[in-house]
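The data block below is coords36.cif; it holds mmCIF, C-alpha atoms.
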```cif
data_my_file
#
loop_
_atom_site.label_atom_id
_atom_site.label_comp_id
_atom_site.auth_asym_id
_atom_site.auth_seq_id
_atom_site.Cartn_x
_atom_site.Cartn_y
_atom_site.Cartn_z
CA MET A 1 30.00 4.93 48.63
CA ASP A 2 30.84 1.55 50.19
CA VAL A 3 28.84 -0.66 47.78
CA ASP A 4 29.15 -0.61 43.99
CA PRO A 5 25.59 0.18 42.78
CA PHE A 6 26.08 -2.06 39.73
CA GLU A 7 26.61 -5.08 41.98
CA GLN A 8 22.96 -4.84 43.00
CA ILE A 9 21.82 -5.54 39.41
CA THR A 10 20.91 -9.07 38.34
CA GLY A 11 22.42 -9.92 34.96
CA GLN A 12 23.23 -7.34 32.25
CA GLU A 13 26.95 -8.04 32.70
CA ARG A 14 27.92 -6.53 29.34
CA ALA A 15 26.04 -3.30 30.04
CA ARG A 16 27.49 -3.07 33.54
CA ARG A 17 31.03 -3.59 32.26
CA LEU A 18 30.55 -0.89 29.64
CA LEU A 19 29.22 1.66 32.10
CA ARG A 20 31.70 0.83 34.86
CA GLY A 21 34.58 1.04 32.37
CA GLN A 22 33.51 4.49 31.17
CA ILE A 23 33.15 5.79 34.72
CA ASP A 24 36.52 4.38 35.82
CA SER A 25 38.27 5.82 32.77
CA GLY A 26 36.59 9.22 33.09
CA ARG A 27 35.10 8.94 29.58
CA VAL A 28 31.49 9.49 30.62
CA ALA A 29 29.02 10.31 27.84
CA HIS A 30 26.77 13.34 28.18
CA ALA A 31 23.70 11.21 27.39
CA TYR A 32 22.80 7.54 27.74
CA LEU A 33 19.87 5.65 26.22
CA LEU A 34 19.11 2.32 27.89
CA VAL A 35 17.15 0.10 25.52
CA GLY A 36 15.33 -3.17 26.14
CA GLU A 37 11.91 -4.70 26.49
CA HIS A 38 9.70 -4.33 29.53
CA GLY A 39 10.86 -6.04 32.73
CA LEU A 40 14.59 -6.36 32.03
CA GLY A 41 15.58 -3.88 34.76
CA LYS A 42 16.42 -0.76 32.71
CA THR A 43 15.26 1.55 35.50
CA LEU A 44 17.38 -0.21 38.12
CA LEU A 45 20.40 -0.07 35.82
CA ALA A 46 19.76 3.61 35.06
CA ARG A 47 19.60 4.46 38.76
CA ALA A 48 22.75 2.43 39.43
CA LEU A 49 24.49 4.49 36.74
CA ALA A 50 23.20 7.71 38.29
CA GLN A 51 24.32 6.64 41.78
CA SER A 52 27.78 5.76 40.45
CA LEU A 53 28.04 9.23 38.92
CA LEU A 54 26.83 10.85 42.16
CA PRO A 55 28.58 8.93 44.96
CA GLU A 56 28.38 11.79 47.49
CA ALA A 57 24.88 10.87 48.76
CA ALA A 58 21.90 8.61 48.13
CA LEU A 59 19.95 9.64 45.04
CA ASP A 60 16.75 10.35 46.97
CA ARG A 61 18.48 13.18 48.85
CA HIS A 62 21.11 14.24 46.33
CA PRO A 63 20.66 17.89 45.22
CA ASP A 64 22.32 17.17 41.85
CA PHE A 65 19.84 14.47 40.82
CA TRP A 66 16.55 14.93 38.92
CA GLU A 67 14.33 12.06 37.83
CA ASP A 68 10.93 11.34 36.36
CA LEU A 69 9.85 7.73 36.83
CA ARG A 70 6.11 8.28 36.45
CA ASN A 71 4.05 6.28 33.98
CA SER A 72 1.81 9.09 32.75
CA HIS A 73 2.51 11.42 29.84
CA LEU A 74 5.37 13.84 30.45
CA SER A 75 4.43 17.45 29.67
CA LEU A 76 6.55 20.17 28.10
CA ASP A 77 6.18 22.24 31.27
CA GLU A 78 8.24 19.60 33.10
CA ILE A 79 11.04 19.98 30.54
CA ARG A 80 11.53 23.44 29.07
CA LEU A 81 13.55 26.26 30.58
CA MET A 82 10.69 28.78 30.57
CA PRO A 83 7.46 26.80 31.12
CA SER A 84 4.07 28.37 30.51
CA ARG A 85 3.05 27.20 33.99
CA PRO A 86 5.02 25.87 36.98
CA PRO A 87 5.90 22.16 36.74
CA THR A 88 3.44 19.94 38.58
CA HIS A 89 5.68 17.07 39.61
CA HIS A 90 9.07 18.73 40.08
CA ARG A 91 10.40 21.78 41.87
CA HIS A 92 12.34 22.72 38.72
CA THR A 93 12.02 21.73 35.08
CA LEU A 94 14.62 19.48 33.46
CA GLN A 95 16.28 22.31 31.54
CA GLN A 96 16.28 24.60 34.59
CA PHE A 97 17.92 21.87 36.66
CA LEU A 98 20.60 21.20 34.04
CA SER A 99 21.39 24.89 33.57
CA TRP A 100 22.83 25.25 37.09
CA ARG A 101 26.21 24.23 38.42
CA PRO A 102 26.47 21.12 40.61
CA ALA A 103 25.71 21.84 44.26
CA LEU A 104 27.49 18.90 45.87
CA GLY A 105 29.40 16.74 43.40
CA ALA A 106 31.11 17.14 40.05
CA ARG A 107 28.00 16.50 37.94
CA ARG A 108 24.28 17.06 37.60
CA VAL A 109 22.43 13.91 36.49
CA ALA A 110 18.87 13.63 35.16
CA LEU A 111 16.92 10.43 34.53
CA VAL A 112 13.80 10.19 32.36
CA ARG A 113 12.24 6.74 32.21
CA GLY A 114 10.07 5.57 29.33
CA LEU A 115 10.46 7.70 26.21
CA GLN A 116 7.46 5.83 24.78
CA ARG A 117 5.24 8.05 26.98
CA THR A 118 6.52 11.22 25.29
CA ASP A 119 5.51 12.79 21.99
CA GLN A 120 7.75 14.17 19.24
CA ASN A 121 7.50 17.76 20.51
CA LEU A 122 8.81 16.76 23.92
CA GLN A 123 11.53 14.57 22.43
CA SER A 124 12.59 17.48 20.22
CA MET A 125 12.91 19.59 23.40
CA VAL A 126 15.10 16.91 24.99
CA LEU A 127 17.11 16.72 21.75
CA LYS A 128 17.79 20.45 21.92
CA THR A 129 19.15 19.93 25.44
CA LEU A 130 21.43 17.14 24.20
CA GLU A 131 22.70 19.25 21.30
CA GLU A 132 23.91 21.94 23.71
CA PRO A 133 25.44 19.92 26.57
CA HIS A 134 26.84 21.71 29.59
CA PRO A 135 30.08 20.39 31.11
CA GLY A 136 29.34 18.10 34.02
CA GLN A 137 25.77 17.20 33.05
CA VAL A 138 24.55 13.70 32.19
CA ILE A 139 21.09 12.73 30.94
CA ILE A 140 19.93 9.11 31.23
CA LEU A 141 16.94 7.95 29.15
CA THR A 142 15.20 4.58 28.81
CA ALA A 143 13.07 3.16 26.00
CA PRO A 144 11.62 -0.26 25.08
CA SER A 145 13.10 -0.19 21.56
CA LEU A 146 14.74 1.99 18.91
CA ASN A 147 11.58 1.97 16.79
CA PRO A 148 11.58 5.40 15.05
CA PHE A 149 7.94 5.85 16.02
CA VAL A 150 8.96 5.42 19.68
CA VAL A 151 12.23 7.37 19.80
CA LEU A 152 13.35 10.03 17.32
CA PRO A 153 16.36 8.72 15.35
CA THR A 154 18.12 12.07 15.84
CA LEU A 155 17.71 11.65 19.61
CA VAL A 156 19.14 8.14 19.43
CA SER A 157 22.16 9.42 17.49
CA ARG A 158 23.06 11.85 20.30
CA CYS A 159 23.15 9.16 23.00
CA GLN A 160 25.46 6.38 24.08
CA GLN A 161 23.26 3.32 23.54
CA VAL A 162 23.24 0.65 26.24
CA HIS A 163 21.27 -2.47 25.34
CA CYS A 164 19.69 -4.66 28.00
CA HIS A 165 19.14 -8.30 27.10
CA ALA A 166 17.07 -11.20 28.37
CA LEU A 167 18.69 -13.28 31.12
CA PRO A 168 19.16 -17.07 30.99
CA ASP A 169 16.30 -18.93 32.66
CA ALA A 170 18.73 -20.30 35.25
CA GLN A 171 19.70 -16.80 36.35
CA VAL A 172 16.05 -15.71 36.70
CA GLU A 173 15.30 -18.94 38.57
CA ALA A 174 18.16 -18.31 40.99
CA LEU A 175 16.90 -14.77 41.63
CA LEU A 176 13.41 -16.08 42.40
CA ARG A 177 14.82 -18.64 44.84
CA THR A 178 16.53 -15.82 46.77
CA ARG A 179 13.11 -14.13 47.04
CA GLY A 180 11.42 -17.14 48.61
CA ALA A 181 10.09 -19.08 45.61
CA GLY A 182 10.12 -22.86 45.81
CA PRO A 183 12.07 -24.91 43.24
CA GLU A 184 9.09 -25.76 41.00
CA GLN A 185 7.56 -22.27 41.22
CA ALA A 186 10.89 -20.63 40.41
CA LYS A 187 11.42 -22.91 37.41
CA SER A 188 7.90 -22.31 36.08
CA LEU A 189 8.02 -18.53 36.48
CA ALA A 190 11.52 -18.32 34.97
CA ARG A 191 10.25 -20.11 31.86
CA LEU A 192 7.25 -17.79 31.56
CA ALA A 193 9.39 -14.69 32.19
CA ARG A 194 11.43 -15.14 28.99
CA GLY A 195 14.52 -13.72 30.65
CA ARG A 196 12.79 -10.74 32.26
CA PRO A 197 13.64 -10.64 36.00
CA GLY A 198 11.32 -7.69 36.63
CA TRP A 199 8.33 -9.58 35.24
CA ALA A 200 9.30 -12.71 37.18
CA LEU A 201 9.44 -10.83 40.50
CA ARG A 202 6.05 -9.20 39.86
CA ALA A 203 4.56 -12.60 38.96
CA LEU A 204 5.97 -14.03 42.19
CA SER A 205 4.02 -11.44 44.20
CA ASP A 206 0.99 -11.44 41.86
CA PRO A 207 0.04 -14.95 40.65
CA GLU A 208 -2.56 -13.38 38.33
CA LEU A 209 0.24 -12.38 35.92
CA ALA A 210 1.36 -15.97 35.45
CA ARG A 211 -2.22 -17.15 35.07
CA LEU A 212 -2.89 -14.57 32.35
CA GLN A 213 0.30 -15.59 30.53
CA THR A 214 -0.80 -19.23 30.53
CA ASP A 215 -4.37 -18.35 29.51
CA TRP A 216 -3.20 -16.28 26.55
CA GLN A 217 -0.99 -19.11 25.33
CA ALA A 218 -3.97 -21.46 25.52
CA SER A 219 -6.12 -18.90 23.66
CA LEU A 220 -3.64 -18.79 20.80
CA GLU A 221 -3.75 -22.59 20.52
CA ARG A 222 -7.49 -22.33 19.89
CA VAL A 223 -6.91 -19.88 17.04
CA PHE A 224 -4.84 -22.25 14.87
CA GLY A 225 -7.08 -23.63 12.10
CA ALA A 226 -10.20 -22.03 13.65
CA PRO A 227 -12.83 -19.85 11.96
CA ALA A 228 -12.05 -16.15 11.65
CA ASP A 229 -14.49 -15.15 14.39
CA VAL A 230 -12.36 -17.00 16.98
CA ALA A 231 -9.36 -14.82 16.12
CA LEU A 232 -11.48 -11.66 16.05
CA ARG A 233 -13.04 -12.38 19.46
CA LEU A 234 -9.62 -12.93 21.02
CA ALA A 235 -8.36 -9.65 19.54
CA ALA A 236 -11.39 -7.84 20.98
CA GLU A 237 -10.88 -9.45 24.41
CA ILE A 238 -7.23 -8.41 24.59
CA ASP A 239 -8.09 -4.93 23.35
CA GLN A 240 -10.65 -4.53 26.15
CA GLU A 241 -8.00 -5.50 28.71
CA SER A 242 -5.63 -2.95 27.17
CA GLN A 243 -8.30 -0.23 27.26
CA ARG A 244 -8.97 -0.88 30.95
CA TRP A 245 -5.25 -0.78 31.67
CA ARG A 246 -4.87 2.55 29.87
CA ALA A 247 -7.83 4.05 31.73
CA GLN A 248 -6.40 2.93 35.08
CA ARG A 249 -2.97 4.24 34.11
CA ARG A 250 -4.39 7.71 33.52
CA THR A 251 -5.73 7.85 37.06
CA GLU A 252 -2.72 6.40 38.90
CA ASP A 253 0.97 7.06 38.90
CA GLU A 254 3.15 4.28 40.20
CA GLY A 255 6.36 5.24 41.92
CA LEU A 256 9.76 3.64 41.69
CA GLY A 257 10.08 0.49 39.61
CA GLU A 258 8.75 -0.35 36.19
CA ALA A 259 5.08 -0.05 35.38
CA GLN A 260 2.88 -3.04 34.66
CA GLU A 261 3.04 -3.98 30.99
CA ASP A 262 0.30 -3.10 28.51
CA PRO A 263 -1.87 -6.26 28.30
CA ALA A 264 -1.80 -6.13 24.49
CA GLN A 265 2.00 -6.32 24.46
CA ALA A 266 2.01 -8.87 27.29
CA ALA A 267 -0.37 -11.09 25.31
CA VAL A 268 1.85 -11.01 22.22
CA ARG A 269 4.89 -11.91 24.34
CA ALA A 270 2.90 -14.84 25.76
CA PHE A 271 2.04 -15.88 22.20
CA GLN A 272 5.75 -15.89 21.38
CA LEU A 273 6.39 -18.59 23.98
CA GLY A 274 3.78 -20.83 22.38
CA LEU A 275 5.06 -20.11 18.88
CA ARG A 276 8.62 -20.98 19.86
CA ARG A 277 7.46 -24.27 21.36
CA ARG A 278 5.43 -25.07 18.24
CA MET A 279 8.35 -24.14 15.98
CA MET A 280 10.68 -26.50 17.86
CA ASP A 281 8.23 -29.42 18.03
CA ALA A 282 6.65 -29.29 14.55
CA PRO A 283 8.05 -31.14 11.50
CA ALA A 284 10.09 -29.11 9.02
CA PRO A 285 7.32 -27.79 6.70
CA GLN A 286 5.12 -26.65 9.59
CA SER A 287 8.09 -25.39 11.60
CA ALA A 288 8.80 -22.80 8.89
CA GLY A 289 5.23 -21.52 9.20
CA PHE A 290 5.57 -21.03 12.94
CA ALA A 291 8.93 -19.31 12.42
CA GLU A 292 7.20 -16.81 10.10
CA LEU A 293 4.50 -16.21 12.72
CA LEU A 294 7.17 -15.64 15.35
CA GLN A 295 8.74 -12.99 13.13
CA ALA A 296 5.30 -11.46 12.56
CA SER A 297 4.81 -11.29 16.34
CA TYR A 298 7.83 -8.99 16.63
CA GLU A 299 6.40 -6.78 13.90
CA THR A 300 3.12 -6.73 15.83
CA LEU A 301 4.94 -5.56 18.97
CA GLY A 302 6.54 -2.79 16.92
CA HIS A 303 3.12 -1.60 15.78
CA LEU A 304 1.78 -1.69 19.35
CA GLU A 305 4.69 0.46 20.53
CA GLN A 306 3.56 3.10 18.03
CA ASN A 307 0.20 3.45 19.83
CA VAL A 308 -1.76 2.33 16.78
CA SER A 309 -5.11 0.57 17.22
CA ALA A 310 -4.36 -2.46 19.37
CA ARG A 311 -7.48 -4.25 18.18
CA LEU A 312 -6.72 -3.82 14.49
CA THR A 313 -3.07 -4.82 14.98
CA LEU A 314 -4.04 -7.96 16.90
CA GLU A 315 -6.73 -8.86 14.37
CA VAL A 316 -4.21 -8.79 11.53
CA PHE A 317 -1.78 -10.99 13.47
CA LEU A 318 -4.34 -13.49 14.79
CA LEU A 319 -6.08 -13.86 11.43
CA ARG A 320 -2.69 -14.82 10.04
CA CYS A 321 -2.23 -17.33 12.88
CA ARG A 322 -5.52 -19.09 12.14
CA LEU A 323 -4.23 -20.08 8.69
CA VAL A 324 -1.61 -22.31 10.32
CA SER A 325 -2.82 -25.63 11.69
#
```
Would you put the structure from the file into structure tokens?
Amino acid sequence: MDVDPFEQITGQERARRLLRGQIDSGRVAHAYLLVGEHGLGKTLLARALAQSLLPEAALDRHPDFWEDLRNSHLSLDEIRLMPSRPPTHHRHTLQQFLSWRPALGARRVALVRGLQRTDQNLQSMVLKTLEEPHPGQVIILTAPSLNPFVVLPTLVSRCQQVHCHALPDAQVEALLRTRGAGPEQAKSLARLARGRPGWALRALSDPELARLQTDWQASLERVFGAPADVALRLAAEIDQESQRWRAQRRTEDEGLGEAQEDPAQAAVRAFQLGLRRRMMDAPAPQSAGFAELLQASYETLGHLEQNVSARLTLEVFLLRCRLVS
């Protein structure tokens, strides 16, 4: 392999150093869990790790590599050793694949993106696989957070955690310039991206994402000090967008690369930009109120990750926002 796969990753220097150090020293974990919010590049980093562990051939044609990057729910028949019916999306199930010796290299590597799309039964099946590791097998998982309603704590405890963090705006801006963005466009998108290069690149190719981000920030401004029905209407509007997104997601499966973000979560992240700006600009007494709302926004994201009612969760948060003027 002539090119270090990690060199193709923008940012995440600490994570790359950790993984490269373990590979170079031969102290490779049997399971990795890459954690970070949507759009930070977890999938790219996970595939770079897999390629570094399997240098004999490109991943797409490597016989010792198994991956599931789909956005739809992952079924037990794609995982367990003896499925009740043949797997739909893979030639072999995950446990079947890991039970065999490597065909080409020294390891067999499996990648499962997005544990938030799996239920507890499936995660328990993956946990059983991690509790009985075979020599020369590595499982790579990704998740948006360590929320216990998203990832089983016992599953987390069996993995080497690798945290992905937001990039500085300047680094995202520089990436956008290499992809053809003009100076002002790159600066504007980098600010809206909040350190997420994946989101920034999607917004560069789809201006609608940036427009929605700006519109949601403006919508939150109208909630402050407004009657309750303003907050409730905004919650209903965002919930409708989320419902449409979920319906579309059930009928399509995107390929490589991260899926588009749930509009409910994207809206809350847009709100966070406005809240940070308000917190910095407001005088001390009001600044504390916006700081509390910012903290509440992270709690709201945690609830949304648990697949609770998006509308109810947003109503609670936005009704709290309207009390601050």
### Query
Mind telling me what the PyMOL selection byres ((chain A and resi 40) around 10) catches here, as a list in words?
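When the PyMOL selection byres ((chain A and resi 40) around 10) is applied, the selected residues are Thr10, Gly11, Gln12, Val35, Gly36, Glu37, His38, Gly39, Gly41, Lys42, Thr43, Leu44, Leu45, Pro144, Cys164, His165, Ala166, Leu167, Ala193, Arg194, Gly195, Arg196, Pro197, Gly198, Trp199, Ala200 and Glu258 of chain A.
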### Message
I want to know what sits within 7 Å of segment 220-236 of chain A, based on all atoms listed in the file, with residues of the same chain fewer than 2 positions away left out; could you give that as a PyMOL selection string?
### Response
chain A and resi 216-218+238-240+271+311+314-315+318-319+321-325
### Message
Using all atoms listed in the file, which protein or nucleic acid residues come within 10 Å of Glu299 of chain A? Drop anything in the same chain fewer than 6 positions from it, and give the result as a list in words.
### Response
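These residues fall inside the cut-off: Leu293, Glu305, Thr313 and Phe317 of chain A.
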Test item: the PyMOL selection byres ((chain A and resi 126) around 10) resolved as a JSON list (two decimals) with C-alpha atoms, keeping the file's coordinate frame:
```
[["chain", "number", "residue", "atom", "x", "y", "z"],
["A", 76, "LEU", "CA", 6.55, 20.17, 28.10],
["A", 79, "ILE", "CA", 11.04, 19.98, 30.54],
["A", 80, "ARG", "CA", 11.53, 23.44, 29.07],
["A", 94, "LEU", "CA", 14.62, 19.48, 33.46],
["A", 95, "GLN", "CA", 16.28, 22.31, 31.54],
["A", 120, "GLN", "CA", 7.75, 14.17, 19.24],
["A", 121, "ASN", "CA", 7.50, 17.76, 20.51],
["A", 122, "LEU", "CA", 8.81, 16.76, 23.92],
["A", 123, "GLN", "CA", 11.53, 14.57, 22.43],
["A", 124, "SER", "CA", 12.59, 17.48, 20.22],
["A", 125, "MET", "CA", 12.91, 19.59, 23.40],
["A", 127, "LEU", "CA", 17.11, 16.72, 21.75],
["A", 128, "LYS", "CA", 17.79, 20.45, 21.92],
["A", 129, "THR", "CA", 19.15, 19.93, 25.44],
["A", 130, "LEU", "CA", 21.43, 17.14, 24.20],
["A", 131, "GLU", "CA", 22.70, 19.25, 21.30],
["A", 139, "ILE", "CA", 21.09, 12.73, 30.94],
["A", 155, "LEU", "CA", 17.71, 11.65, 19.61]]
```
### Message
Evaluate the PyMOL selection byres ((chain A and resi 173) around 8) against this structure - the residues, as a list in words, please.
### Response
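Selected by the PyMOL selection byres ((chain A and resi 173) around 8) here: Asp169, Ala170, Gln171, Val172, Ala174, Leu175, Leu176, Arg177, Ala186, Lys187, Leu189 and Ala190 of chain A.
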#### Entry: Nearest to Leu59 of chain A, chosen from A:Leu104, A:Leu212, A:Leu98, A:Leu74, with only C-alpha atoms counted in the distances
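With only C-alpha atoms as the atom set, the closest residue is A:Leu104.
The spacing separating atom CA of Ala247 of chain A from atom CA of Ser72 of chain A amounts to 10.9 Å.
Between Gln161 of chain A and the candidates A:Ala284, A:Ala270, A:Ala181, A:Ile140, the tightest atom-to-atom separation, counting all atoms listed in the file, involves A:Ile140.
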### Task
Determine the nearest neighbour of Arg27 of chain A from the options A:Phe6, A:Gln160, A:Pro83, A:Ala58, counting only C-alpha atoms.
A:Gln160
### Message
Could you tell me how far atom CA of Thr118 of chain A sits from atom CA of Phe149 of chain A, in Å to one decimal place?
### Response
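Atom CA of Phe149 of chain A sits 10.8 Å away from atom CA of Thr118 of chain A.
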Could you put an axis-aligned box around every listed atom of segment 146-162 of chain A, padded by 8 Å on each side, and send me its centre and edge lengths in Å to one decimal, as JSON?
```
{"center_x": 16.7, "center_y": 6.4, "center_z": 20.6, "size_x": 33.5, "size_y": 27.4, "size_z": 27.2}
```
#### Entry: Shell of 10 Å around segment 28-32 of chain A, only C-alpha atoms, local chain residues under 5 positions omitted, as a PyMOL selection string
chain A and resi 19-23+46+49+53+109-111+130-131+133-142+155-156+158-162
File dump, residues just selected, C-alpha atoms, as a CSV table (one decimal), in the frame of the given file:
```
chain,number,residue,atom,x,y,z
A,19,LEU,CA,29.2,1.7,32.1
A,20,ARG,CA,31.7,0.8,34.9
A,21,GLY,CA,34.6,1.0,32.4
A,22,GLN,CA,33.5,4.5,31.2
A,23,ILE,CA,33.2,5.8,34.7
A,46,ALA,CA,19.8,3.6,35.1
A,49,LEU,CA,24.5,4.5,36.7
A,53,LEU,CA,28.0,9.2,38.9
A,109,VAL,CA,22.4,13.9,36.5
A,110,ALA,CA,18.9,13.6,35.2
A,111,LEU,CA,16.9,10.4,34.5
A,130,LEU,CA,21.4,17.1,24.2
A,131,GLU,CA,22.7,19.2,21.3
A,133,PRO,CA,25.4,19.9,26.6
A,134,HIS,CA,26.8,21.7,29.6
A,135,PRO,CA,30.1,20.4,31.1
A,136,GLY,CA,29.3,18.1,34.0
A,137,GLN,CA,25.8,17.2,33.0
A,138,VAL,CA,24.6,13.7,32.2
A,139,ILE,CA,21.1,12.7,30.9
A,140,ILE,CA,19.9,9.1,31.2
A,141,LEU,CA,16.9,8.0,29.2
A,142,THR,CA,15.2,4.6,28.8
A,155,LEU,CA,17.7,11.6,19.6
A,156,VAL,CA,19.1,8.1,19.4
A,158,ARG,CA,23.1,11.8,20.3
A,159,CYS,CA,23.2,9.2,23.0
A,160,GLN,CA,25.5,6.4,24.1
A,161,GLN,CA,23.3,3.3,23.5
A,162,VAL,CA,23.2,0.6,26.2
```
### Message
One number please: atom CA of Arg47 of chain A to atom CA of Trp245 of chain A, in Å, one decimal.
### Response
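Straight-line distance from atom CA of Arg47 of chain A to atom CA of Trp245 of chain A works out to 26.4 Å.
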Could you list as an mmCIF file with C-alpha atoms, keeping the file's coordinate frame every residue that has an atom within 8 Å of (3.9, -21.7, 17.3), using the file's coordinates and counting only C-alpha atoms?
```
data_model
loop_
_atom_site.group_PDB
_atom_site.id
_atom_site.type_symbol
_atom_site.label_atom_id
_atom_site.label_comp_id
_atom_site.auth_asym_id
_atom_site.auth_seq_id
_atom_site.Cartn_x
_atom_site.Cartn_y
_atom_site.Cartn_z
ATOM 1 C CA PHE A 271 2.040 -15.880 22.200
ATOM 2 C CA GLN A 272 5.750 -15.890 21.380
ATOM 3 C CA LEU A 273 6.390 -18.590 23.980
ATOM 4 C CA GLY A 274 3.780 -20.830 22.380
ATOM 5 C CA LEU A 275 5.060 -20.110 18.880
ATOM 6 C CA ARG A 276 8.620 -20.980 19.860
ATOM 7 C CA ARG A 277 7.460 -24.270 21.360
ATOM 8 C CA ARG A 278 5.430 -25.070 18.240
ATOM 9 C CA MET A 279 8.350 -24.140 15.980
ATOM 10 C CA SER A 287 8.090 -25.390 11.600
ATOM 11 C CA PHE A 290 5.570 -21.030 12.940
ATOM 12 C CA ALA A 291 8.930 -19.310 12.420
ATOM 13 C CA LEU A 293 4.500 -16.210 12.720
ATOM 14 C CA LEU A 294 7.170 -15.640 15.350
#
```
### Task
Name the closest residue to Glu292 of chain A among the candidates A:Ala103, A:Ala48, A:Arg320, A:His92; distances are taken between atoms, counting all atoms listed in the file.
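Comparing A:Ala103, A:Ala48, A:Arg320, A:His92 against Glu292 of chain A, the winner is A:Arg320.
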#### Entry: Option closest in space to Phe65 of chain A, from A:Arg244, A:Arg85, A:Arg91, A:Arg108 [counting all atoms listed in the file]
A:Arg108
